[in-house]
>>> print(open('protein.tsv').read())   # TSV, C-alpha atoms
chain	number	residue	atom	x	y	z
A	1	MET	CA	-61.31	60.61	-17.28
A	2	VAL	CA	-61.94	61.78	-20.80
A	3	ASP	CA	-65.65	62.42	-20.67
A	4	GLU	CA	-68.48	63.42	-22.97
A	5	LEU	CA	-66.43	64.43	-26.01
A	6	GLY	CA	-65.31	60.89	-26.73
A	7	ARG	CA	-62.58	60.62	-29.35
A	8	TRP	CA	-62.53	64.38	-29.94
A	9	ALA	CA	-61.22	64.72	-26.42
A	10	GLU	CA	-58.15	62.62	-27.20
A	11	PRO	CA	-55.80	63.61	-24.36
A	12	GLY	CA	-52.84	64.33	-26.62
A	13	LEU	CA	-54.88	66.78	-28.66
A	14	LEU	CA	-56.18	68.46	-25.51
A	15	VAL	CA	-52.64	68.88	-24.20
A	16	LEU	CA	-51.44	70.33	-27.52
A	17	ALA	CA	-54.40	72.74	-27.52
A	18	SER	CA	-53.67	73.76	-23.96
A	19	LEU	CA	-50.02	74.47	-24.72
A	20	ALA	CA	-50.91	76.47	-27.84
A	21	ASP	CA	-51.20	79.70	-25.84
A	22	GLY	CA	-48.10	79.26	-23.75
A	23	ASP	CA	-45.95	76.97	-21.63
A	24	LYS	CA	-47.72	75.14	-18.78
A	25	HIS	CA	-46.92	72.51	-16.17
A	26	GLY	CA	-49.10	69.49	-15.48
A	27	TYR	CA	-51.47	71.07	-12.96
A	28	ALA	CA	-51.96	74.15	-15.15
A	29	ILE	CA	-52.74	71.96	-18.17
A	30	THR	CA	-55.29	69.98	-16.12
A	31	ASN	CA	-57.02	73.17	-14.95
A	32	ASP	CA	-56.91	74.78	-18.40
A	33	VAL	CA	-58.46	71.75	-20.12
A	34	ALA	CA	-61.13	71.47	-17.42
A	35	GLU	CA	-62.05	75.17	-17.68
A	36	GLN	CA	-61.90	75.56	-21.44
A	37	VAL	CA	-63.19	72.21	-22.65
A	38	GLY	CA	-64.95	70.75	-19.61
A	39	VAL	CA	-62.84	67.60	-19.68
A	40	SER	CA	-61.12	66.41	-16.52
A	41	LEU	CA	-57.80	64.81	-17.39
A	42	GLY	CA	-56.67	62.45	-14.64
A	43	PRO	CA	-52.99	62.48	-13.66
A	44	GLY	CA	-52.32	59.08	-15.24
A	45	THR	CA	-54.01	60.08	-18.49
A	46	LEU	CA	-52.21	63.42	-18.57
A	47	TYR	CA	-48.75	61.98	-18.08
A	48	ALA	CA	-49.37	59.15	-20.54
A	49	ALA	CA	-50.18	61.87	-23.08
A	50	LEU	CA	-47.24	64.07	-22.06
A	51	SER	CA	-44.72	61.25	-22.35
A	52	ARG	CA	-46.13	60.16	-25.71
A	53	LEU	CA	-46.10	63.71	-27.09
A	54	GLU	CA	-42.60	64.32	-25.79
A	55	GLU	CA	-41.38	61.07	-27.33
A	56	ARG	CA	-42.84	62.13	-30.70
A	57	GLY	CA	-41.21	65.55	-30.44
A	58	LEU	CA	-44.53	67.41	-30.37
A	59	ILE	CA	-43.79	69.02	-27.00
A	60	GLU	CA	-40.64	69.55	-24.96
A	61	GLY	CA	-40.01	69.75	-21.26
A	62	LEU	CA	-38.45	72.96	-19.97
A	63	PRO	CA	-36.21	73.30	-16.90
A	64	ALA	CA	-38.17	72.46	-13.76
A	65	GLU	CA	-39.50	75.25	-11.55
A	66	GLY	CA	-39.23	73.65	-8.15
A	67	ARG	CA	-40.93	70.32	-8.64
A	68	ARG	CA	-43.17	71.56	-11.48
A	69	ARG	CA	-41.87	71.20	-15.02
A	70	PRO	CA	-43.46	73.35	-17.70
A	71	TYR	CA	-43.93	71.97	-21.20
A	72	ARG	CA	-43.74	73.83	-24.48
A	73	LEU	CA	-45.32	73.15	-27.86
A	74	THR	CA	-42.66	72.48	-30.51
A	75	ALA	CA	-42.96	73.53	-34.16
A	76	ALA	CA	-43.90	69.94	-35.03
A	77	GLY	CA	-46.52	69.99	-32.27
A	78	ALA	CA	-48.01	73.23	-33.59
A	79	ALA	CA	-48.17	71.78	-37.10
A	80	GLU	CA	-49.84	68.61	-35.80
A	81	LEU	CA	-52.38	70.61	-33.79
A	82	SER	CA	-53.11	72.83	-36.77
A	83	ALA	CA	-53.67	69.84	-39.07
A	84	GLN	CA	-55.93	68.09	-36.56
A	85	ALA	CA	-57.93	71.25	-35.84
A	86	SER	CA	-58.40	71.95	-39.57
A	87	ARG	CA	-59.67	68.40	-40.08
A	88	MET	CA	-62.09	68.74	-37.18
A	89	GLN	CA	-63.24	72.12	-38.45
A	90	ARG	CA	-63.99	70.68	-41.91
A	91	LEU	CA	-65.96	67.85	-40.34
A	92	ALA	CA	-67.84	70.22	-38.05
A	93	THR	CA	-68.73	72.50	-40.98
A	94	LEU	CA	-69.88	69.57	-43.06
A	95	SER	CA	-71.93	68.05	-40.24
A	96	LEU	CA	-73.65	71.30	-39.24
A	97	GLY	CA	-74.37	72.19	-42.87
A	98	ARG	CA	-75.97	68.83	-43.56
A	99	LEU	CA	-77.96	68.93	-40.34
A	100	ARG	CA	-79.29	72.35	-41.30
A	101	MET	CA	-80.25	71.07	-44.76
A	102	ALA	CA	-81.97	68.03	-43.28
A	103	SER	CA	-84.03	70.10	-40.85
A	104	ALA	CA	-84.97	72.76	-43.46
B	1	MET	CA	-40.53	62.59	-2.81
B	2	THR	CA	-39.78	61.30	0.67
B	3	GLY	CA	-41.81	64.18	2.16
B	4	ASP	CA	-44.89	63.31	0.12
B	5	PRO	CA	-47.93	61.64	1.64
B	6	TRP	CA	-47.74	57.84	1.64
B	7	LEU	CA	-50.49	57.58	-0.97
B	8	VAL	CA	-48.52	59.72	-3.43
B	9	ARG	CA	-45.41	57.65	-2.82
B	10	ALA	CA	-47.40	54.44	-3.24
B	11	LEU	CA	-48.97	55.60	-6.51
B	12	LEU	CA	-45.59	56.71	-7.80
B	13	ALA	CA	-44.06	53.36	-6.86
B	14	CYS	CA	-46.48	51.68	-9.27
B	15	TYR	CA	-44.67	53.30	-12.22
B	16	PRO	CA	-41.53	51.74	-13.74
B	17	SER	CA	-38.24	53.07	-12.40
B	18	GLY	CA	-37.16	54.69	-15.68
B	19	TRP	CA	-40.44	56.58	-15.84
B	20	ARG	CA	-40.05	57.68	-12.22
B	21	ARG	CA	-36.57	59.01	-12.89
B	22	ARG	CA	-37.90	61.19	-15.71
B	23	TYR	CA	-41.32	62.24	-14.42
B	24	GLY	CA	-41.36	61.25	-10.72
B	25	GLN	CA	-40.83	64.67	-9.11
B	26	GLU	CA	-43.31	66.56	-11.24
B	27	TYR	CA	-45.86	63.74	-11.12
B	28	ALA	CA	-45.68	63.61	-7.30
B	29	GLN	CA	-46.21	67.37	-7.26
B	30	LEU	CA	-49.22	67.05	-9.57
B	31	LEU	CA	-50.76	64.35	-7.34
B	32	CYS	CA	-50.31	66.67	-4.34
B	33	ASP	CA	-51.73	69.65	-6.26
B	34	LEU	CA	-54.78	67.62	-7.30
B	35	GLY	CA	-55.39	66.41	-3.74
B	36	VAL	CA	-55.39	62.81	-4.90
B	37	HIS	CA	-56.08	61.46	-1.40
B	38	ARG	CA	-59.57	62.98	-1.52
B	39	ARG	CA	-60.43	61.79	-5.03
B	40	PRO	CA	-60.68	58.02	-5.58
B	41	ARG	CA	-61.23	58.48	-9.34
B	42	LEU	CA	-57.81	60.05	-9.62
B	43	ILE	CA	-56.26	57.14	-7.73
B	44	VAL	CA	-57.80	54.72	-10.22
B	45	ASN	CA	-56.67	56.93	-13.09
B	46	SER	CA	-53.12	57.02	-11.72
B	47	LEU	CA	-53.07	53.24	-11.43
B	48	ARG	CA	-54.28	52.96	-15.02
B	49	GLY	CA	-51.50	55.34	-16.03
B	50	ALA	CA	-48.97	53.12	-14.26
B	51	VAL	CA	-50.22	50.05	-16.15
B	52	HIS	CA	-49.99	52.05	-19.38
B	53	ALA	CA	-46.46	53.23	-18.58
B	54	ARG	CA	-45.31	49.71	-17.81
B	55	TRP	CA	-46.89	48.44	-21.00
B	56	GLU	CA	-45.38	51.24	-23.09
B	57	GLN	CA	-41.92	50.63	-21.71
B	58	GLY	CA	-42.34	46.88	-21.91
B	59	GLY	CA	-42.00	47.11	-18.15
B	60	PHE	CA	-44.03	44.00	-17.40
B	61	MET	CA	-41.25	42.08	-19.03
B	62	SER	CA	-38.34	44.48	-19.28
B	63	THR	CA	-37.21	43.56	-15.80
B	64	ARG	CA	-36.85	40.02	-17.11
B	65	SER	CA	-34.49	38.99	-19.87
B	66	PRO	CA	-36.10	37.77	-23.12
B	67	MET	CA	-34.89	34.27	-22.27
B	68	THR	CA	-36.66	34.36	-18.92
B	69	THR	CA	-39.86	35.45	-20.63
B	70	ALA	CA	-39.43	32.64	-23.14
B	71	VAL	CA	-39.01	30.12	-20.32
B	72	TRP	CA	-42.21	31.28	-18.60
B	73	ALA	CA	-44.02	31.26	-21.95
B	74	THR	CA	-42.87	27.68	-22.43
B	75	GLY	CA	-44.15	26.82	-18.94
B	76	LEU	CA	-47.55	28.23	-19.80
B	77	PHE	CA	-47.51	26.44	-23.13
B	78	THR	CA	-46.60	23.17	-21.40
B	79	VAL	CA	-49.59	23.45	-19.05
B	80	ALA	CA	-51.85	24.19	-22.03
B	81	GLY	CA	-50.29	21.37	-24.02
B	82	ILE	CA	-50.78	18.80	-21.28
B	83	ALA	CA	-54.41	19.93	-20.89
B	84	PHE	CA	-54.86	19.63	-24.65
B	85	GLN	CA	-53.30	16.17	-24.67
B	86	LYS	CA	-55.70	15.09	-21.91
B	87	LEU	CA	-58.57	16.52	-23.90
B	88	ALA	CA	-57.51	14.80	-27.11
B	89	GLU	CA	-56.23	11.49	-25.75
B	90	ASP	CA	-59.12	9.45	-27.15
B	91	LEU	CA	-59.37	11.44	-30.38
B	92	THR	CA	-55.83	11.71	-31.69
B	93	GLY	CA	-56.71	10.03	-35.00
B	94	ALA	CA	-60.09	11.71	-35.40
B	95	ALA	CA	-58.81	14.64	-37.47
B	96	GLY	CA	-56.55	12.83	-39.90
B	97	GLY	CA	-52.90	13.91	-39.97
B	98	VAL	CA	-53.56	17.20	-38.23
B	99	TYR	CA	-52.65	15.84	-34.81
B	100	VAL	CA	-49.24	14.70	-36.10
B	101	LEU	CA	-48.60	18.22	-37.43
B	102	LEU	CA	-49.53	19.62	-34.02
B	103	VAL	CA	-47.05	17.33	-32.24
B	104	ALA	CA	-44.34	18.16	-34.81
B	105	ALA	CA	-44.81	21.94	-34.36
B	106	ALA	CA	-44.69	21.58	-30.57
B	107	ALA	CA	-41.51	19.48	-30.89
B	108	VAL	CA	-39.90	22.18	-33.06
B	109	ALA	CA	-40.75	24.76	-30.37
B	110	LEU	CA	-39.20	22.58	-27.67
B	111	LEU	CA	-36.03	22.00	-29.71
B	112	ALA	CA	-35.76	25.75	-30.30
B	113	LEU	CA	-35.88	26.40	-26.57
B	114	VAL	CA	-33.24	23.74	-25.98
B	115	ALA	CA	-31.05	25.38	-28.63
B	116	ALA	CA	-31.51	28.81	-27.02
B	117	ALA	CA	-30.56	27.43	-23.61
B	118	ALA	CA	-27.71	25.23	-24.85
B	119	PRO	CA	-24.87	27.75	-24.28
B	120	THR	CA	-25.99	28.14	-20.65
B	121	ALA	CA	-26.15	24.36	-20.23
B	122	MET	CA	-22.62	24.09	-21.61
B	123	ALA	CA	-21.40	26.78	-19.24
B	124	LEU	CA	-23.04	24.95	-16.34
B	125	LEU	CA	-21.36	21.69	-17.35
B	126	ARG	CA	-18.01	23.50	-17.49
B	127	GLY	CA	-18.54	24.50	-13.88
B	128	ARG	CA	-18.84	28.25	-14.27
B	129	ASP	CA	-21.31	28.39	-11.39
B	130	ALA	CA	-21.20	25.39	-9.09
B	131	GLY	CA	-23.99	26.80	-6.90
B	132	ALA	CA	-26.43	26.68	-9.81
B	133	TRP	CA	-26.54	22.89	-9.79
B	134	ARG	CA	-28.99	22.81	-6.92
B	135	TYR	CA	-31.59	24.47	-9.21
B	136	VAL	CA	-31.16	21.62	-11.69
B	137	ALA	CA	-32.41	19.30	-8.95
B	138	VAL	CA	-35.72	21.18	-8.70
B	139	PRO	CA	-37.55	19.52	-11.65
B	140	PHE	CA	-36.37	16.05	-10.56
B	141	ALA	CA	-37.43	16.55	-6.94
B	142	GLY	CA	-40.67	18.12	-8.19
B	143	ALA	CA	-41.38	15.23	-10.53
B	144	ALA	CA	-40.82	12.75	-7.70
B	145	ALA	CA	-43.20	14.70	-5.47
B	146	TRP	CA	-45.77	14.91	-8.27
B	147	TYR	CA	-45.54	11.15	-8.80
B	148	GLY	CA	-46.31	10.70	-5.12
B	149	VAL	CA	-49.39	12.93	-5.49
B	150	LEU	CA	-50.41	10.95	-8.56
B	151	ARG	CA	-50.27	7.65	-6.65
B	152	LEU	CA	-52.25	9.21	-3.80
B	153	ALA	CA	-54.88	10.54	-6.22
B	154	LEU	CA	-55.21	7.15	-7.89
B	155	LEU	CA	-55.63	5.57	-4.48
B	156	LEU	CA	-58.30	8.13	-3.58
B	157	SER	CA	-60.31	7.66	-6.75
B	158	GLN	CA	-59.96	3.90	-7.04
B	159	GLY	CA	-63.38	2.26	-7.45
B	160	HIS	CA	-65.22	5.62	-7.73
B	161	GLY	CA	-67.11	6.94	-10.74
B	162	VAL	CA	-65.71	9.55	-13.14
B	163	HIS	CA	-67.76	12.39	-11.67
B	164	SER	CA	-67.53	11.35	-8.03
B	165	ALA	CA	-66.12	13.72	-5.40
B	166	ALA	CA	-63.15	11.39	-4.86
B	167	THR	CA	-62.19	11.37	-8.55
B	168	ILE	CA	-62.64	15.14	-8.92
B	169	THR	CA	-60.50	15.68	-5.80
B	170	GLY	CA	-57.85	13.34	-7.15
B	171	PHE	CA	-57.90	15.07	-10.53
B	172	ALA	CA	-57.62	18.49	-8.88
B	173	LEU	CA	-54.65	17.27	-6.82
B	174	ILE	CA	-52.87	15.97	-9.92
B	175	ALA	CA	-53.61	19.17	-11.88
B	176	VAL	CA	-52.59	21.62	-9.15
B	177	SER	CA	-49.42	19.74	-8.24
B	178	GLY	CA	-48.61	19.37	-11.97
B	179	ILE	CA	-48.93	23.11	-12.49
B	180	GLY	CA	-46.78	23.59	-9.38
B	181	LEU	CA	-44.13	21.32	-10.91
B	182	VAL	CA	-44.13	23.30	-14.17
B	183	VAL	CA	-43.90	26.62	-12.27
B	184	ALA	CA	-41.04	25.33	-10.11
B	185	THR	CA	-39.21	24.01	-13.16
B	186	ALA	CA	-39.64	27.29	-15.04
B	187	TRP	CA	-38.43	29.24	-12.02
B	188	ALA	CA	-35.37	26.99	-11.64
B	189	ALA	CA	-34.57	27.22	-15.36
B	190	ALA	CA	-34.96	31.01	-15.35
B	191	THR	CA	-32.70	31.26	-12.29
B	192	VAL	CA	-29.98	29.14	-13.90
B	193	LEU	CA	-30.21	31.15	-17.13
B	194	ARG	CA	-29.85	34.38	-15.16
B	195	ARG	CA	-27.01	33.18	-12.92
B	196	VAL	CA	-24.74	31.19	-15.16
B	197	PRO	CA	-22.49	33.35	-17.37
B	198	ALA	CA	-22.58	31.90	-20.87
B	199	ASP	CA	-21.06	33.03	-24.16
B	200	GLN	CA	-24.01	33.49	-26.49
B	201	PRO	CA	-23.42	33.01	-30.22
B	202	THR	CA	-24.76	36.28	-31.65
B	203	ARG	CA	-27.48	34.86	-33.84
B	204	LEU	CA	-28.38	31.63	-32.06
B	205	ARG	CA	-30.65	32.90	-29.31
B	206	PRO	CA	-32.72	35.40	-31.34
B	207	ALA	CA	-33.21	32.84	-34.10
B	208	ALA	CA	-34.10	30.14	-31.58
B	209	LEU	CA	-36.64	32.36	-29.81
B	210	VAL	CA	-38.26	33.31	-33.12
B	211	VAL	CA	-38.54	29.62	-34.02
B	212	LEU	CA	-39.92	28.91	-30.52
B	213	ALA	CA	-42.66	31.52	-31.00
B	214	ALA	CA	-43.40	30.28	-34.51
B	215	GLY	CA	-43.63	26.67	-33.30
B	216	MET	CA	-46.04	27.66	-30.55
B	217	ALA	CA	-48.15	29.74	-32.93
B	218	VAL	CA	-48.35	26.92	-35.49
B	219	THR	CA	-49.29	24.47	-32.71
B	220	THR	CA	-52.05	26.83	-31.58
B	221	VAL	CA	-53.46	27.25	-35.08
B	222	VAL	CA	-53.32	23.50	-35.69
B	223	ALA	CA	-55.11	22.91	-32.37
B	224	VAL	CA	-57.92	25.15	-33.64
B	225	ILE	CA	-58.06	23.24	-36.94
B	226	TRP	CA	-57.96	19.93	-35.07
B	227	GLY	CA	-60.99	20.87	-32.97
B	228	ALA	CA	-62.91	22.11	-36.01
B	229	ARG	CA	-62.18	18.88	-37.88
B	230	VAL	CA	-63.16	16.71	-34.94
B	231	HIS	CA	-66.40	18.64	-34.65
B	232	ALA	CA	-67.04	18.27	-38.38
B	233	SER	CA	-66.44	14.53	-38.32
B	234	ASP	CA	-68.42	13.82	-35.15
B	235	PRO	CA	-70.29	16.70	-33.47
B	236	THR	CA	-71.36	14.47	-30.56
B	237	VAL	CA	-67.78	14.54	-29.29
B	238	PHE	CA	-68.29	18.14	-28.31
B	239	HIS	CA	-71.01	17.05	-25.94
B	240	GLY	CA	-69.20	14.01	-24.60
B	241	ASP	CA	-69.38	13.04	-20.98
B	242	HIS	CA	-66.49	10.64	-20.73
B	243	GLY	CA	-64.05	12.45	-18.51
B	244	LEU	CA	-63.36	15.51	-16.41
B	245	LEU	CA	-61.43	17.75	-18.76
B	246	ALA	CA	-63.44	16.55	-21.76
B	247	THR	CA	-66.68	17.54	-20.05
B	248	PRO	CA	-67.67	19.98	-21.34
B	249	PHE	CA	-65.47	19.69	-24.39
B	250	VAL	CA	-65.89	23.09	-26.03
B	251	PRO	CA	-64.94	25.27	-23.01
B	252	SER	CA	-61.91	23.05	-22.33
B	253	TRP	CA	-60.84	23.24	-25.96
B	254	ILE	CA	-61.26	27.03	-26.08
B	255	ALA	CA	-59.45	27.46	-22.75
B	256	THR	CA	-56.44	25.39	-23.85
B	257	ILE	CA	-56.25	27.27	-27.15
B	258	GLY	CA	-56.46	30.57	-25.26
B	259	LEU	CA	-53.54	29.53	-23.05
B	260	MET	CA	-51.51	28.39	-26.07
B	261	ALA	CA	-52.18	31.68	-27.83
B	262	ALA	CA	-51.15	33.67	-24.73
B	263	ALA	CA	-47.92	31.65	-24.50
B	264	SER	CA	-47.25	32.24	-28.20
B	265	VAL	CA	-47.70	36.00	-27.78
B	266	LEU	CA	-45.31	35.99	-24.80
B	267	ALA	CA	-42.73	33.99	-26.75
B	268	ALA	CA	-43.09	36.32	-29.74
B	269	ALA	CA	-42.50	39.32	-27.47
B	270	ALA	CA	-39.39	37.61	-26.08
B	271	GLY	CA	-38.13	36.91	-29.60
B	272	ARG	CA	-38.75	40.48	-30.69
B	273	ARG	CA	-36.88	41.87	-27.69
B	274	GLN	CA	-33.99	39.46	-28.19
B	275	LEU	CA	-33.76	40.47	-31.84
B	276	ALA	CA	-33.79	44.15	-30.87
B	277	ALA	CA	-31.10	43.54	-28.24
B	278	THR	CA	-28.72	41.90	-30.70
B	279	ARG	CA	-29.06	44.53	-33.46
>>> encode(input="protein.tsv", output="structure tokens")
Amino acid sequence: MVDELGRWAEPGLLVLASLADGDKHGYAITNDVAEQVGVSLGPGTLYAALSRLEERGLIEGLPAEGRRRPYRLTAAGAAELSAQASRMQRLATLSLGRLRMASA
Amino acid sequence: MTGDPWLVRALLACYPSGWRRRYGQEYAQLLCDLGVHRRPRLIVNSLRGAVHARWEQGGFMSTRSPMTTAVWATGLFTVAGIAFQKLAEDLTGAAGGVYVLLVAAAAVALLALVAAAAPTAMALLRGRDAGAWRYVAVPFAGAAAWYGVLRLALLLSQGHGVHSAATITGFALIAVSGIGLVVATAWAAATVLRRVPADQPTRLRPAALVVLAAGMAVTTVVAVIWGARVHASDPTVFHGDHGLLATPFVPSWIATIGLMAAASVLAAAAGRRQLAATR
């Protein structure tokens, strides 16, 4: 279900990124990731990521709204997302710079 | 969840119970929101998620006690070991002392299992569960039935060539009924271990299960070395045509080692869980 972006579309990272702008429940996360990144997270993949992130304390479940439970990014989750995004940004900058030099 | 479509309930049922208690309601809602009944890819993805959840929670084995897992691992190892013995019966001395080491490691594994099961055996002898005795009869009755199949197979194949249909049928009968005997014995042993209340010395069972896994692992490694040595000393053996299991030799050898390795991994998982349970 993680397509095209390969390892950069690691479900846990996508979930953290989705929760970075506010609390969301499973369906909202799925829609947000599909709209913003173009990756369709299947339900099994999503909940495997949610349970892993929750277990590691990177997100926390909030009181359920009906049958939908929103999740929130914790401080540790925000720090993890920031570190991962910085690393990806450095790699992207390096890669694009070198590609430009090679084609010049 | 009872009002959900049957497909949602079925997909949810694939997850372990602990997972369902925590995520069941919201997951069922997500499946409904996604319209899973119209999207086969999501069904497959949900099933994959269930496998993952069971694996993560140790759910494939968590419903069984470590001892039960160890018993089934031993059953698998026994099948592999008998196949290996059949494979190696004409070549036991071909790799020097390696074969003796293999037998010794397997014997250590067996003794470890006996040690782990000893408290239950003692409790059974003391009559803590009289009804459990009928399970003890299973391996004996099974062995008698298997002996009958063996005699029938010998009768069938008598006077026929090694690769004749009669001999292959006879061999298949012996193999299938033998595996059935091992499965029945493992089931009976696991049932007795589950039923009979025994006082477990704190350190005996975890230590015994660790030794069991180590014995199986050493046996597996030695079986690999044995095959390599046999091949080095006489490569023609690998292309022999002298029997059913030994023809072809290499696939049989690899298959038996694969089964031994799988049994070792299972036993190691049982040992790890038993250690964790006693901490």
>>> interface_residues(input="protein.tsv", of="chain B", to="chain A", cutoff="12 Å", atoms="all atoms listed in the file", output="mmCIF file with C-alpha atoms, in the coordinates of the input")
data_model
loop_
_atom_site.group_PDB
_atom_site.id
_atom_site.type_symbol
_atom_site.label_atom_id
_atom_site.label_comp_id
_atom_site.auth_asym_id
_atom_site.auth_seq_id
_atom_site.Cartn_x
_atom_site.Cartn_y
_atom_site.Cartn_z
ATOM 1 C CA MET B 1 -40.530 62.590 -2.810
ATOM 2 C CA ASP B 4 -44.890 63.310 0.120
ATOM 3 C CA VAL B 8 -48.520 59.720 -3.430
ATOM 4 C CA LEU B 11 -48.970 55.600 -6.510
ATOM 5 C CA LEU B 12 -45.590 56.710 -7.800
ATOM 6 C CA CYS B 14 -46.480 51.680 -9.270
ATOM 7 C CA TYR B 15 -44.670 53.300 -12.220
ATOM 8 C CA TRP B 19 -40.440 56.580 -15.840
ATOM 9 C CA ARG B 20 -40.050 57.680 -12.220
ATOM 10 C CA ARG B 22 -37.900 61.190 -15.710
ATOM 11 C CA TYR B 23 -41.320 62.240 -14.420
ATOM 12 C CA GLY B 24 -41.360 61.250 -10.720
ATOM 13 C CA GLN B 25 -40.830 64.670 -9.110
ATOM 14 C CA GLU B 26 -43.310 66.560 -11.240
ATOM 15 C CA TYR B 27 -45.860 63.740 -11.120
ATOM 16 C CA ALA B 28 -45.680 63.610 -7.300
ATOM 17 C CA GLN B 29 -46.210 67.370 -7.260
ATOM 18 C CA LEU B 30 -49.220 67.050 -9.570
ATOM 19 C CA LEU B 31 -50.760 64.350 -7.340
ATOM 20 C CA CYS B 32 -50.310 66.670 -4.340
ATOM 21 C CA ASP B 33 -51.730 69.650 -6.260
ATOM 22 C CA LEU B 34 -54.780 67.620 -7.300
ATOM 23 C CA GLY B 35 -55.390 66.410 -3.740
ATOM 24 C CA VAL B 36 -55.390 62.810 -4.900
ATOM 25 C CA ARG B 39 -60.430 61.790 -5.030
ATOM 26 C CA PRO B 40 -60.680 58.020 -5.580
ATOM 27 C CA ARG B 41 -61.230 58.480 -9.340
ATOM 28 C CA LEU B 42 -57.810 60.050 -9.620
ATOM 29 C CA ILE B 43 -56.260 57.140 -7.730
ATOM 30 C CA VAL B 44 -57.800 54.720 -10.220
ATOM 31 C CA ASN B 45 -56.670 56.930 -13.090
ATOM 32 C CA SER B 46 -53.120 57.020 -11.720
ATOM 33 C CA LEU B 47 -53.070 53.240 -11.430
ATOM 34 C CA ARG B 48 -54.280 52.960 -15.020
ATOM 35 C CA GLY B 49 -51.500 55.340 -16.030
ATOM 36 C CA ALA B 50 -48.970 53.120 -14.260
ATOM 37 C CA VAL B 51 -50.220 50.050 -16.150
ATOM 38 C CA HIS B 52 -49.990 52.050 -19.380
ATOM 39 C CA ALA B 53 -46.460 53.230 -18.580
ATOM 40 C CA ARG B 54 -45.310 49.710 -17.810
ATOM 41 C CA TRP B 55 -46.890 48.440 -21.000
ATOM 42 C CA GLU B 56 -45.380 51.240 -23.090
ATOM 43 C CA GLN B 57 -41.920 50.630 -21.710
#
>>> closest_residue(input="protein.tsv", among="B:Leu275, B:Ala270, B:Val114, B:Val218", to="Tyr99 in chain B", atoms="all atoms listed in the file")
B:Val218
>>> residues_near_point(input="protein.tsv", point="(-58.4, 77.3, -22.8)", cutoff="12 Å", atoms="only C-alpha atoms", output="PyMOL selection string")
chain A and resi 14-22+24+28-39
>>> atom_distance(input="protein.tsv", atom1="CA of Ala121 in chain B", atom2="CA of Ala262 in chain B")
27.1 Å
>>> closest_residue(input="protein.tsv", among="B:Arg272, B:Arg128, B:His37, B:Arg194", to="Trp6 in chain B", atoms="all atoms listed in the file")
B:His37
>>> closest_residue(input="protein.tsv", among="B:Leu193, B:Val108, B:Ala207, B:Ala143", to="Thr68 in chain B", atoms="only C-alpha atoms")
B:Leu193
>>> atom_distance(input="protein.tsv", atom1="CA of Thr69 in chain B", atom2="CA of Ala261 in chain B")
14.8 Å
>>> closest_residue(input="protein.tsv", among="B:Ala268, B:Ala217, B:Ala123, B:Ile225", to="Asp199 in chain B", atoms="all atoms listed in the file")
B:Ala123
